[in-house]
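For reference, the structure is listed below as C-alpha cells.
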Amino acid sequence: MAGKATKKDNSRPSVFRLLLNNHLATAGLVIFGFIVLIAVAAPILPLPDPDATAPVDRLKGLLTDGHILGTDALGRDILSRLIWGARVSLAVGISATIIAAFFGSLIGLVAGYASGRTDTILMRGIDMIMAFPYILLALAIVAVLGPGLLNALYAIAVVNIPFFARNIRGIVLGLSRREFVDAARLSGKSHIQILFGEVLPNVLPVIIITMSTTIGWMILETAGLSFLGLGAQPPQADLGSMLGEGRKILFTAPLVSIIPGLMIFALVMSINLLGDGVRDILDPRLKSGSLTRPVPRTRVVRDEVPTVPETGAEALLDVQGLRTEFQIGSEVYKAVGGVDLRVAKGECLGVVGESGSGKSVSAMSIMGLVPTPPGRIVGGVALLDGEDLFGATDERIRQLRGSAVSHVFQDPLSTLHPLFKVGDQLIEAIRVHKPISHVDARTRAEELLKMVRIPNAAERLYSYPHELSGGMRQRVCIAMALANEADVIIADEPTTALDVTVQAQVLSLLDKLRKEHDTGILFITHDFGVVSAICDRVAVMYAGRIVETGTTEEILSSPKHPYTAKLIDCVPVLGEPERRLDAIEGRPPVVNKLPEGCAFAARCPRARDDCLVGDIGMTELGDRRAVRCLHPLNDMQEALNV
Amino acid sequence: MGLYIAKRLLAAIPVLFGLTIIVFVIMAMIPGDPATAILGSYATPENVERLNRELGLDKPMVQQYFIWLGNLFQGDLGRSFILNRPVLDEVLERFNATLILAGTALILCSVLGLLAGVISAVRQFGVADKLITFIVLIGISIPSFWLGLLLILVFSVQLKMFPVSGMYAIYGGGGPLDLLHHLFLPALTLAAVATGVIARLTRTAMLEVLRQDYIRTARAKGVPERSVIYKHAFKAALVSIIPVIGIQAGFVLGGAVYIETVFQWPGIGSMLVKAISTRDLLLVQGGVLVVAAAYVLFNLAADVVQTLVDPRLR
C-alpha cells in the first residue's frame with residue numbers, strides 16, 4: 001500500500017509540470033483553484049449574510065456602498081450570494097460526480113470482470129438508459145422525487161452513470177484477460193479480492209479522467225435544473241437558482257442574471273480547459289504529434305538551389321544528392337542522407353533495404369509525398385526529363401502526379417478509398433488529367449481493368465474495394481497508375497502485402513506493361529527474390545544512404561557489400577532447406593544519431609578499426625557499379641561466409 | 001441495403017419497449033399513493049379510489065404495465081387533470097413546436113459544426129483554427145439558458161431585431177416568416193453546445209483521415225487539394241461524425257427544456273417543466289415517452305444515413 005502511494009507521488013510531478021507547460025490548462029487551473037478557494041473560505045470571509053433581505057436596498061447597482069456587485073430584488077448582497085451559491089453548486093456538482101463515478105464504475109467493474117451473461121444484462125440496462133435524451137431522464141426523476149436540490153443531485157448522478165459504466169467496462173474487459181489477474185485467481189484470491197485489489201487500482205486513472213471530463217457537465221446540468229426551479233428551493237440558492245430568480249427581472253435589472261451566469265461559465269470553462277490539458281497529456285496520439293495535418297506536398301528547404309548537373313540523355317528520372325529529414329520534437333531524423341537514383345526509359349531500378357533504411361522516403365520524396373510535418377526535403381535535385389521537381393510549383397507537381405509519374409503503394413486495402421467504387425476512383429484518376437466525358441472515362445476505366453486482367457471488368461467498376469480480394473485490389477491500383485500512360489511508375493513494395501502466387505502475377509504484369517509501354521519503374525522492396533524477378537538494376541540502401549549499386553546480375557552473383565550479401569542470404573530458395581534464413585542480427589541505427597564511419601559497422605562481421613572513422617565514400621568498381629565499403633567482398637565464397 | 005434498414009428497424013422495437021418499461025417503472029416509484037399524487041392533496045377519498053380503479057392501480061405491477069401498454073397502443077396516455085385534456089392531444093401539439101425548434105437547431109449545429117471543424121482542420125494552427133477552437137471552447141462551456149438570456153438582452157431588448165419570446169406574434173402573426181423571426185434566437189442558442197461538440201469532433205476526424213493512405217493515393221493521382229479535402233477526406237470523416245450527430249439529437253431535444261423556458265416557446269420542454277411543478281405526472285410521463293421515442297427514431301435515421309455513406313456496413 002505504502003509502495004503504491006510513493007509510486008503515484010513519483011509520477012505526479014511530471015504530469016503536473018506538463019500541465020503547467022500548457023498555457024490554457026494553467027489558466028484553467030488558476031481560475032478553478034481560485035473559485036474553489038473562495039468557495040471553501042466563504043464562512044470566514046467578511047461577507048454579509050447571503051439570505052438577509054433588505055427591501056430598502058433592493059436592486060442597487062455595481063460598486064454601491066457595501067455591495068460590490070450590487071443587490072438583488074430582495075436587497076440581498078449579490079457578491080455574498082454568488083460566493084455561497086458557487087459553494088453549493090460546486091458541492092452538488094462534485095457530489096453528483098462522485099456518486100455517478102462510484103455506481104458507474106462498480107457496474108463497469110462487475111460487468112467487465114464477470115463478462116458473459118452478467119455483462120450482457122448490465123450493459124443492455126445501461127443502453128436503455130442511454131436511449132433517453134440525457135436531460136429528459138433527469139427531469140423524469142425529479143418529477144417523481146419532487147423538486148429539490150438533493151433530488152436534482154440524484155437525478156444528474158443517475159443519468160451520468162452510463163458514461164462511467166461504459167468507459168470502465170471496456171478497460172476492465174481487457175484487463176481481466178491479463179496474466180496478473182490469472183495469477184491472482186490461481187493464488188486462491190476471491191473474486192472480490194481480485195476485483196478491488198488487482199483490477200481497481202489499474203482502472204483508477206481512467207475513473208479520474210472520466211470524472212474530470214464530466215464534472216463540468218454535472219455542474220452545468222444541476223445549475224440548469226435549479227434554473228428551471230426544480231433544484232435548489234428558496235431560501236437556499238445555488239448559481240442556477242440565482243440565475244432563475246434574476247431572469248424574472250431580466251429587463252429591469254439584467255446584472256442580477258448576468259453575474260451568476262458568468263460565474264457558471266467561468267467555472268465550467270476552467271474545468272474544461274483543465275480537462276483538455278489533462279487529456280492532451282495522457283492521450284498518446286496527441287503526445288506524438290500524430291494529429292497534425294500533412295500538407296499536400298513535402299516542404300522543400302534546400303540551403304542552396306543546386307546547379308542542375310548535365311545528365312546523360314538516357315536518364316528519364318534522375319535524383320541526385322537527395323536529403324530528406326523528419327523533425328519530431330527537437331530531434332532531427334536524417335532519413336535520407338544524399339541519395340542518387342537514375343531510371344532510364346523502360347528500365348526497372350530496384351531499391352532494396354530493410355525497413356527504416358530510407359528507401360520508401362527516398363521514393364516518396366520525388367513527387368513530394370512525404371508528409372510535412374514532420375518531413376522536409378533539405379537537399380538535392382530530382383530531374384524528370386530535365387525538369388527540377390523540387391523547384392516546381394505545387395500546381396505543376398499536381399499536374400505531373402498521376403500523369404507523368406504515378407505510384408503504386410504497399411497495402412492495397414488502405415490505399416484505395418473505402419467509400420468510393422473502384423470505377424469512380426479510376427475515372428477520377430483519368431479525368432483530373434484529361435478533359436474527357438464521364439462516359440468515355442468509364443470506357444477507358446474498363447479497358448484498364450481488362451489490361452490488368454480483372455475478370456468481369458465492366459461489373460467490377462461498380463465494386464467497392466472491400467468487395468475485392470487483395471490481389472484484385474492491387475491490380476486496381478496498378479490500373480490506376482497506368483491510367484495516363486505515365487513515363488515513370490514508383491512502386492513502393494507493391495507485392496509485400498500479397499501472397500506468393502498473387503505476387504508473381506503482379507510482378508509479371510508490371511514487367512509486361514513496362515516492356516510494352518517503355519515505362520521506367522522505380523521498384524522499392526526488401527526482398528531480393530522480387531528484385532531478381534523484375535529489376536534491371538539495383539541500389540541497396542542502408543541508414544539513408546546507398547551502399548551498393550550495379551546490375552541485378554552483378555549484385556546477385558557477386559555482392560560486394562557485406563550488407564547486400566546478408567540481404568541476399570535472407571531469400572528462401574526452394575529445395576535448399578539448409579540455407580540460413582536468419583534475419584540480420586542487430587538493428588539498423590537510429591538516423592538521428594548516426595555513428596561516425598560506416599553505419600553498418602556495428603552489425604558487420606568484417607568491420608575493422610578504419611570502418612569506424614570518417615565518412616566512407618562510394619568506391620567506383622566499373623561502369624555504374626559502386627560500393628560504399630572499405631573492405632568489400634571479393635567473391636561469392638566470401639559472401640556466403642559473411 | 002433494404003435488408004439492413006429493415007434489420008435496424010426491427011432492432012429499434014425492443015429499445016422502444018425498454019423505454020416504456022423505464023418510464024413505467026419511474027412512475028411506479030412515486031412515493032405514496034399515485035392517485036393522490038396525480039389528483040393533488042385536496043382530492044376526496046372517493047375520487048382517489050375511483051382513479052385508482054380507472055388506472056388499474058389496485059392490480060399487481062406486471063398486470064398494471066400491460067394495461068398501461070395496451071392503452072398506449074390505442075393512443076391513450078391518460079388525462080391531464082390540470083389541463084382537463086387528454087395527455088396525447090396536449091403532448092402531440094406541443095411536440096410539433098419542439099420538433100420545429102430542435103429540428104432547426106440540429107440542422108444549424110450540423111452545418112455550422114461541420115463547416116467550423118473542416119476549416120479548423122484545414123487551417124490547423126492558423127488564425128482561423130485558433131479562433132474557431134476558442135469559440136468552440138466557449139460554446140461547450142457556456143450555460144445555454146444564460147446564453148439565451150444574453151441574446152435576448154442584446155438582440156431583442158437593445159437592438160430590437162428579434163422578438164423576446166413566443167413562437168408567433170400575438171397580433172397579426174402566424175406566417176412562416178413570422179415563425180422564422182421568432183425561431184432564430186432560440187434555435188441558435190439551442191444549437192450552440194452541439195455545434196461546439198460537432199466542430200471539435202470534425203476537426204479531429206478530418207485530421208485523422210488526412211493522414212490515411214488513401215489520401216496519399218488521391219494526392220499521388222494528382223487530385224486537386226480542394227477535392228482531396230472536400231470529397232475524399234470529408235466523406236471518410238463523415239463516417240465517424242454521423243453517429244455523434246445522432247447523439248447530439250438527444251442533447252438538442254433535452255436542451256430544448258431550457259431554451260423553451262427561456263424563450264417561452266410553446267414546446268414539450270416548457271410543458272414538462274410546468275407539469276413537474278404542478279405534479280401533473282401523467283403529462284410528464286406522456287411527454288418523456290414521446291420525446292424519448294423521437295430520439296430513438298433520430299438515431300435510427302442516423303444509422304440509415306451512415307449506411308448510405310459507408311458501403312462496408314451494408
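Here's how to read the names in the C-alpha cells: chain A, B, ... by the order shown, residue numbers from 1 in each chain, ligand numbers from 1 in the order shown.
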_as a list in words, please: the residues near range 229-244 of chain B (cut-off 6 Å, only C-alpha atoms, same-chain neighbours under 4 positions excluded)._
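With the cut-off at 6 Å, the set is Ala205, Met206 and Val209 of chain B.
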Could you write those residues out with all heavy atoms, as a PDB file, in the first residue's frame?
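Writing the result to result.pdb gives the following:
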```
ATOM      1  N   ALA B 205     -11.563  14.284 -36.564  1.00  0.00           N
ATOM      2  CA  ALA B 205     -11.811  13.253 -37.571  1.00  0.00           C
ATOM      3  C   ALA B 205     -11.118  13.602 -38.885  1.00  0.00           C
ATOM      4  O   ALA B 205     -10.500  12.754 -39.521  1.00  0.00           O
ATOM      5  CB  ALA B 205     -13.318  13.093 -37.793  1.00  0.00           C
ATOM      6  N   MET B 206     -11.191  14.869 -39.274  1.00  0.00           N
ATOM      7  CA  MET B 206     -10.546  15.294 -40.523  1.00  0.00           C
ATOM      8  C   MET B 206      -9.026  15.109 -40.429  1.00  0.00           C
ATOM      9  O   MET B 206      -8.391  14.622 -41.354  1.00  0.00           O
ATOM     10  CB  MET B 206     -10.861  16.764 -40.829  1.00  0.00           C
ATOM     11  CG  MET B 206     -12.238  17.027 -41.378  1.00  0.00           C
ATOM     12  SD  MET B 206     -12.526  16.325 -43.011  1.00  0.00           S
ATOM     13  CE  MET B 206     -11.607  17.436 -44.059  1.00  0.00           C
ATOM     14  N   VAL B 209      -8.228  11.475 -40.733  1.00  0.00           N
ATOM     15  CA  VAL B 209      -8.450  10.951 -42.081  1.00  0.00           C
ATOM     16  C   VAL B 209      -7.370  11.452 -43.039  1.00  0.00           C
ATOM     17  O   VAL B 209      -6.884  10.706 -43.881  1.00  0.00           O
ATOM     18  CB  VAL B 209      -9.853  11.356 -42.572  1.00  0.00           C
ATOM     19  CG1 VAL B 209      -9.969  11.173 -44.059  1.00  0.00           C
ATOM     20  CG2 VAL B 209     -10.916  10.545 -41.857  1.00  0.00           C
TER      21      VAL B 209
END
```
Report as a tab-separated table the residues of chain A within 6 Å of chain B, each with its shortest atom pair and distance in Å (one decimal), using only C-alpha atoms, ordered by chain and increasing residue number.
```
residue	atom	partner	partner_atom	distance
A:Phe132	CA	B:Ala292	CA	5.3
A:Pro133	CA	B:Gly250	CA	4.3
A:Ile135	CA	B:Gly254	CA	5.0
A:Leu136	CA	B:Gly254	CA	5.4
A:Ala143	CA	B:Ile276	CA	5.2
A:Val144	CA	B:Ile30	CA	5.2
A:Gly261	CA	B:Trp146	CA	5.7
A:Phe265	CA	B:Ile142	CA	5.1
A:Val268	CA	B:Ser141	CA	5.5
A:Met269	CA	B:Ser141	CA	5.0
A:Leu291	CA	B:Leu207	CA	5.9
A:Arg293	CA	B:Leu207	CA	5.5
A:Arg398	CA	B:Gly222	CA	4.7
A:Gln399	CA	B:Gly222	CA	6.0
A:Arg401	CA	B:Gly222	CA	4.7
A:Gly402	CA	B:Lys221	CA	4.2
A:Ser414	CA	B:Asp213	CA	5.7
A:Thr415	CA	B:Tyr214	CA	4.2
A:Leu416	CA	B:Tyr214	CA	5.2
A:His417	CA	B:Tyr214	CA	5.1
A:Leu419	CA	B:Asp310	CA	5.8
A:Ala429	CA	B:Lys221	CA	5.7
```
Would you work out the distance separating CA of Ala491 in chain A from CA of Phe409 in chain A, expressed in Å to one decimal?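 Interatomic distance here is 6.0 Å.
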Distance criterion (only C-alpha atoms): nearest to Ser532 in chain A out of A:Gly350, A:Gly423, A:Gly471, A:Gly188:
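Ranking A:Gly350, A:Gly423, A:Gly471, A:Gly188 by distance to Ser532 in chain A, first place goes to A:Gly350.
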Students should find that CA of Val164 in chain B and CA of Pro186 in chain B are spaced 9.8 Å
| said: Which residues are near Cys611 in chain A? Cut-off 8 Å, only C-alpha atoms, ignore same chain within fewer than 5 positions. Put them as a PyMOL selection string. | reply: chain A and resi 597-598+601+616+630
Once you have the residues from the selection above, write them out as a PDB file, in the first residue's frame, restricted to N, CA, C and O atoms.
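See selection.pdb below for the written result:
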```pdb
ATOM      1  N   GLY A 597      31.764   7.016 -39.385  1.00  0.00           N
ATOM      2  CA  GLY A 597      32.244   5.892 -40.185  1.00  0.00           C
ATOM      3  C   GLY A 597      31.110   5.167 -40.862  1.00  0.00           C
ATOM      4  O   GLY A 597      30.110   5.764 -41.232  1.00  0.00           O
ATOM      5  N   CYS A 598      31.275   3.848 -41.000  1.00  0.00           N
ATOM      6  CA  CYS A 598      30.276   3.046 -41.696  1.00  0.00           C
ATOM      7  C   CYS A 598      29.097   2.761 -40.772  1.00  0.00           C
ATOM      8  O   CYS A 598      29.279   2.276 -39.650  1.00  0.00           O
ATOM      9  N   ALA A 601      28.815  -0.857 -39.554  1.00  0.00           N
ATOM     10  CA  ALA A 601      29.958  -1.462 -38.860  1.00  0.00           C
ATOM     11  C   ALA A 601      29.549  -2.280 -37.638  1.00  0.00           C
ATOM     12  O   ALA A 601      30.062  -3.369 -37.406  1.00  0.00           O
ATOM     13  N   ILE A 616      32.739   7.426 -45.173  1.00  0.00           N
ATOM     14  CA  ILE A 616      33.162   6.427 -46.155  1.00  0.00           C
ATOM     15  C   ILE A 616      32.432   6.664 -47.460  1.00  0.00           C
ATOM     16  O   ILE A 616      31.197   6.656 -47.513  1.00  0.00           O
ATOM     17  N   LEU A 630      34.964  -0.237 -47.218  1.00  0.00           N
ATOM     18  CA  LEU A 630      36.425  -0.197 -47.264  1.00  0.00           C
ATOM     19  C   LEU A 630      36.999  -1.596 -47.511  1.00  0.00           C
ATOM     20  O   LEU A 630      38.107  -1.740 -48.015  1.00  0.00           O
TER      21      LEU A 630
END
```
Can you pull out the residues contacting Leu185 in chain B? Cut-off 12 Å, using only C-alpha atoms, and skip same-chain residues under 6 positions away; I want them as a VMD selection string.
chain B and resid 101 104 to 105 108 144 to 145 147 to 156 161 to 167 179 191 to 192 259 to 260 262 to 265
Just the residues within 10 Å of range 53-70 of chain B, please, counting only C-alpha atoms, with nothing from its chain fewer than 6 positions along; format it as an mmCIF file with N, CA, C and O atoms, in the first residue's frame.
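Saved file part19.cif follows:
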```cif
data_model
loop_
_atom_site.group_PDB
_atom_site.id
_atom_site.type_symbol
_atom_site.label_atom_id
_atom_site.label_comp_id
_atom_site.auth_asym_id
_atom_site.auth_seq_id
_atom_site.Cartn_x
_atom_site.Cartn_y
_atom_site.Cartn_z
ATOM 1 N N PHE B 17 -39.643 -0.697 -26.504
ATOM 2 C CA PHE B 17 -40.286 -1.380 -25.382
ATOM 3 C C PHE B 17 -39.552 -1.086 -24.083
ATOM 4 O O PHE B 17 -40.169 -0.846 -23.040
ATOM 5 N N THR B 20 -40.618 2.113 -22.644
ATOM 6 C CA THR B 20 -41.900 2.086 -21.939
ATOM 7 C C THR B 20 -41.718 1.490 -20.548
ATOM 8 O O THR B 20 -42.296 1.984 -19.588
ATOM 9 N N ILE B 21 -40.862 0.453 -20.451
ATOM 10 C CA ILE B 21 -40.647 -0.154 -19.131
ATOM 11 C C ILE B 21 -40.014 0.853 -18.179
ATOM 12 O O ILE B 21 -40.482 1.041 -17.048
ATOM 13 N N PHE B 24 -42.421 3.495 -17.175
ATOM 14 C CA PHE B 24 -43.418 2.934 -16.267
ATOM 15 C C PHE B 24 -42.834 2.735 -14.868
ATOM 16 O O PHE B 24 -43.455 3.096 -13.869
ATOM 17 N N VAL B 25 -41.626 2.171 -14.824
ATOM 18 C CA VAL B 25 -41.004 1.900 -13.523
ATOM 19 C C VAL B 25 -40.760 3.197 -12.760
ATOM 20 O O VAL B 25 -41.024 3.300 -11.561
ATOM 21 N N ALA B 28 -43.847 4.322 -11.324
ATOM 22 C CA ALA B 28 -44.309 3.454 -10.246
ATOM 23 C C ALA B 28 -43.526 3.700 -8.959
ATOM 24 O O ALA B 28 -43.940 3.260 -7.888
ATOM 25 N N ASP B 33 -49.200 7.225 -2.620
ATOM 26 C CA ASP B 33 -50.254 6.756 -3.492
ATOM 27 C C ASP B 33 -50.279 7.577 -4.784
ATOM 28 O O ASP B 33 -50.444 8.798 -4.748
ATOM 29 N N PRO B 34 -50.110 6.927 -5.943
ATOM 30 C CA PRO B 34 -50.035 7.676 -7.199
ATOM 31 C C PRO B 34 -51.304 8.485 -7.465
ATOM 32 O O PRO B 34 -51.223 9.608 -7.959
ATOM 33 N N ALA B 35 -52.441 7.923 -7.145
ATOM 34 C CA ALA B 35 -53.686 8.653 -7.415
ATOM 35 C C ALA B 35 -53.713 9.967 -6.652
ATOM 36 O O ALA B 35 -54.079 11.008 -7.193
ATOM 37 N N ASN B 47 -62.728 10.175 -4.986
ATOM 38 C CA ASN B 47 -62.063 10.423 -6.260
ATOM 39 C C ASN B 47 -60.767 9.637 -6.382
ATOM 40 O O ASN B 47 -60.450 9.093 -7.439
ATOM 41 N N ASP B 76 -53.961 6.049 -25.910
ATOM 42 C CA ASP B 76 -54.487 6.618 -24.667
ATOM 43 C C ASP B 76 -53.382 6.718 -23.635
ATOM 44 O O ASP B 76 -52.917 5.726 -23.099
ATOM 45 N N LEU B 77 -52.931 7.945 -23.388
ATOM 46 C CA LEU B 77 -51.877 8.162 -22.404
ATOM 47 C C LEU B 77 -52.469 8.707 -21.114
ATOM 48 O O LEU B 77 -51.779 9.270 -20.288
ATOM 49 N N GLY B 78 -53.765 8.615 -20.976
ATOM 50 C CA GLY B 78 -54.426 9.138 -19.780
ATOM 51 C C GLY B 78 -54.865 10.570 -19.992
ATOM 52 O O GLY B 78 -54.823 11.101 -21.101
#
```
- Item | All alpha helix (DSSP H) residues (DSSP, backbone) inside range 113-334 of chain A, as a PyMOL selection string | chain A and resi 113-114+116-130+134-145+149-175+179-186+191-193+200-227+239-247+255-282+284-287
Problem set entry | For Gln503 in chain A: contacts at 12 Å, only C-alpha atoms, fewer than 2 positions along chain excluded, given as a ChimeraX atom specification | /A:410,470-472,474-475,493-501,505-510,527,529-530,533-534
Can you spit out the residues from that selection as a compact mmCIF listing (two decimals), in the first residue's frame, using C-alpha atoms?
```txt
# COMPACT_ATOMS: atom_id res chain seq x y z
CA GLN A 410 2.13 -1.29 -50.49
CA GLY A 470 -6.05 -8.35 -52.01
CA GLY A 471 -4.62 -9.29 -55.41
CA MET A 472 -7.59 -7.71 -57.22
CA GLN A 474 -3.53 -4.27 -56.14
CA ARG A 475 -4.42 -4.78 -59.80
CA GLU A 493 6.61 -2.51 -52.02
CA PRO A 494 3.63 -3.27 -54.25
CA THR A 495 3.76 -7.02 -53.63
CA THR A 496 4.65 -7.17 -49.93
CA ALA A 497 1.08 -7.48 -48.70
CA LEU A 498 0.19 -10.19 -51.21
CA ASP A 499 0.61 -13.94 -51.05
CA VAL A 500 3.24 -15.61 -53.20
CA THR A 501 1.18 -16.68 -56.22
CA GLN A 505 1.17 -12.46 -61.15
CA VAL A 506 1.50 -8.82 -60.17
CA LEU A 507 5.23 -8.83 -60.93
CA SER A 508 4.80 -10.37 -64.37
CA LEU A 509 2.02 -7.87 -65.07
CA LEU A 510 4.26 -4.93 -64.18
CA ASP A 527 13.10 -8.82 -50.96
CA GLY A 529 13.64 -12.62 -54.62
CA VAL A 530 11.37 -9.94 -56.06
CA ALA A 533 12.18 -11.27 -60.98
CA ILE A 534 11.79 -7.75 -62.34
```
Q | One-decimal distance in Å that lies between CA of Ala335 in chain A and CA of Ser355 in chain A | A |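 These two atoms are separated by 11.4 Å.
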### Message
Give me the residues near Met451 in chain A as a PyMOL selection string, where near means some atom within 10 Å (using only C-alpha atoms) and where sequence neighbours in that chain fewer than 2 positions away do not count.
### Response
chain A and resi 445-449+453-454+457+475+478-479+482+509+513
Those residues you just picked out, can you put them in a file as a PDB file, in the first residue's frame with N, CA and C atoms?
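Final file, selection.pdb:
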```
ATOM      1  N   ALA A 445     -11.715   3.270 -68.221  1.00  0.00           N
ATOM      2  CA  ALA A 445     -11.505   2.578 -66.948  1.00  0.00           C
ATOM      3  C   ALA A 445     -11.710   1.077 -67.123  1.00  0.00           C
ATOM      4  N   GLU A 446     -12.720   0.741 -67.914  1.00  0.00           N
ATOM      5  CA  GLU A 446     -12.975  -0.683 -68.153  1.00  0.00           C
ATOM      6  C   GLU A 446     -11.812  -1.320 -68.904  1.00  0.00           C
ATOM      7  N   GLU A 447     -11.287  -0.593 -69.920  1.00  0.00           N
ATOM      8  CA  GLU A 447     -10.117  -1.083 -70.650  1.00  0.00           C
ATOM      9  C   GLU A 447      -8.952  -1.341 -69.702  1.00  0.00           C
ATOM     10  N   LEU A 448      -8.754  -0.386 -68.799  1.00  0.00           N
ATOM     11  CA  LEU A 448      -7.636  -0.504 -67.854  1.00  0.00           C
ATOM     12  C   LEU A 448      -7.788  -1.758 -66.995  1.00  0.00           C
ATOM     13  N   LEU A 449      -8.994  -1.995 -66.508  1.00  0.00           N
ATOM     14  CA  LEU A 449      -9.218  -3.181 -65.677  1.00  0.00           C
ATOM     15  C   LEU A 449      -8.975  -4.453 -66.484  1.00  0.00           C
ATOM     16  N   ARG A 453      -5.991  -7.553 -66.308  1.00  0.00           N
ATOM     17  CA  ARG A 453      -6.612  -8.885 -66.286  1.00  0.00           C
ATOM     18  C   ARG A 453      -7.525  -9.105 -65.076  1.00  0.00           C
ATOM     19  N   ILE A 454      -8.449  -8.170 -64.903  1.00  0.00           N
ATOM     20  CA  ILE A 454      -9.500  -8.372 -63.897  1.00  0.00           C
ATOM     21  C   ILE A 454     -10.715  -8.935 -64.630  1.00  0.00           C
ATOM     22  N   ALA A 457     -14.640  -7.073 -65.978  1.00  0.00           N
ATOM     23  CA  ALA A 457     -14.214  -5.695 -65.722  1.00  0.00           C
ATOM     24  C   ALA A 457     -15.397  -4.730 -65.641  1.00  0.00           C
ATOM     25  N   ARG A 475      -4.291  -4.957 -58.359  1.00  0.00           N
ATOM     26  CA  ARG A 475      -4.422  -4.776 -59.796  1.00  0.00           C
ATOM     27  C   ARG A 475      -5.138  -3.461 -60.105  1.00  0.00           C
ATOM     28  N   ILE A 478      -2.696  -0.777 -59.759  1.00  0.00           N
ATOM     29  CA  ILE A 478      -1.787  -0.723 -60.910  1.00  0.00           C
ATOM     30  C   ILE A 478      -2.516  -0.126 -62.114  1.00  0.00           C
ATOM     31  N   ALA A 479      -3.779  -0.527 -62.297  1.00  0.00           N
ATOM     32  CA  ALA A 479      -4.576   0.045 -63.387  1.00  0.00           C
ATOM     33  C   ALA A 479      -4.646   1.562 -63.253  1.00  0.00           C
ATOM     34  N   LEU A 482      -1.602   3.189 -64.365  1.00  0.00           N
ATOM     35  CA  LEU A 482      -1.423   3.146 -65.815  1.00  0.00           C
ATOM     36  C   LEU A 482      -2.373   4.087 -66.542  1.00  0.00           C
ATOM     37  N   LEU A 509       2.859  -8.915 -64.467  1.00  0.00           N
ATOM     38  CA  LEU A 509       2.022  -7.868 -65.067  1.00  0.00           C
ATOM     39  C   LEU A 509       2.813  -6.571 -65.228  1.00  0.00           C
ATOM     40  N   LEU A 513       3.941  -4.763 -68.736  1.00  0.00           N
ATOM     41  CA  LEU A 513       3.483  -3.417 -69.048  1.00  0.00           C
ATOM     42  C   LEU A 513       4.648  -2.476 -69.338  1.00  0.00           C
TER      43      LEU A 513
END
```
- Query: Nearest to Ala152 in chain A: which of A:Ser403, A:Ser226, A:Thr213, A:Ser95 is it, counting only C-alpha atoms?
  - Reply: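 Of all the options, A:Ser226 lies closest to Ala152 in chain A.
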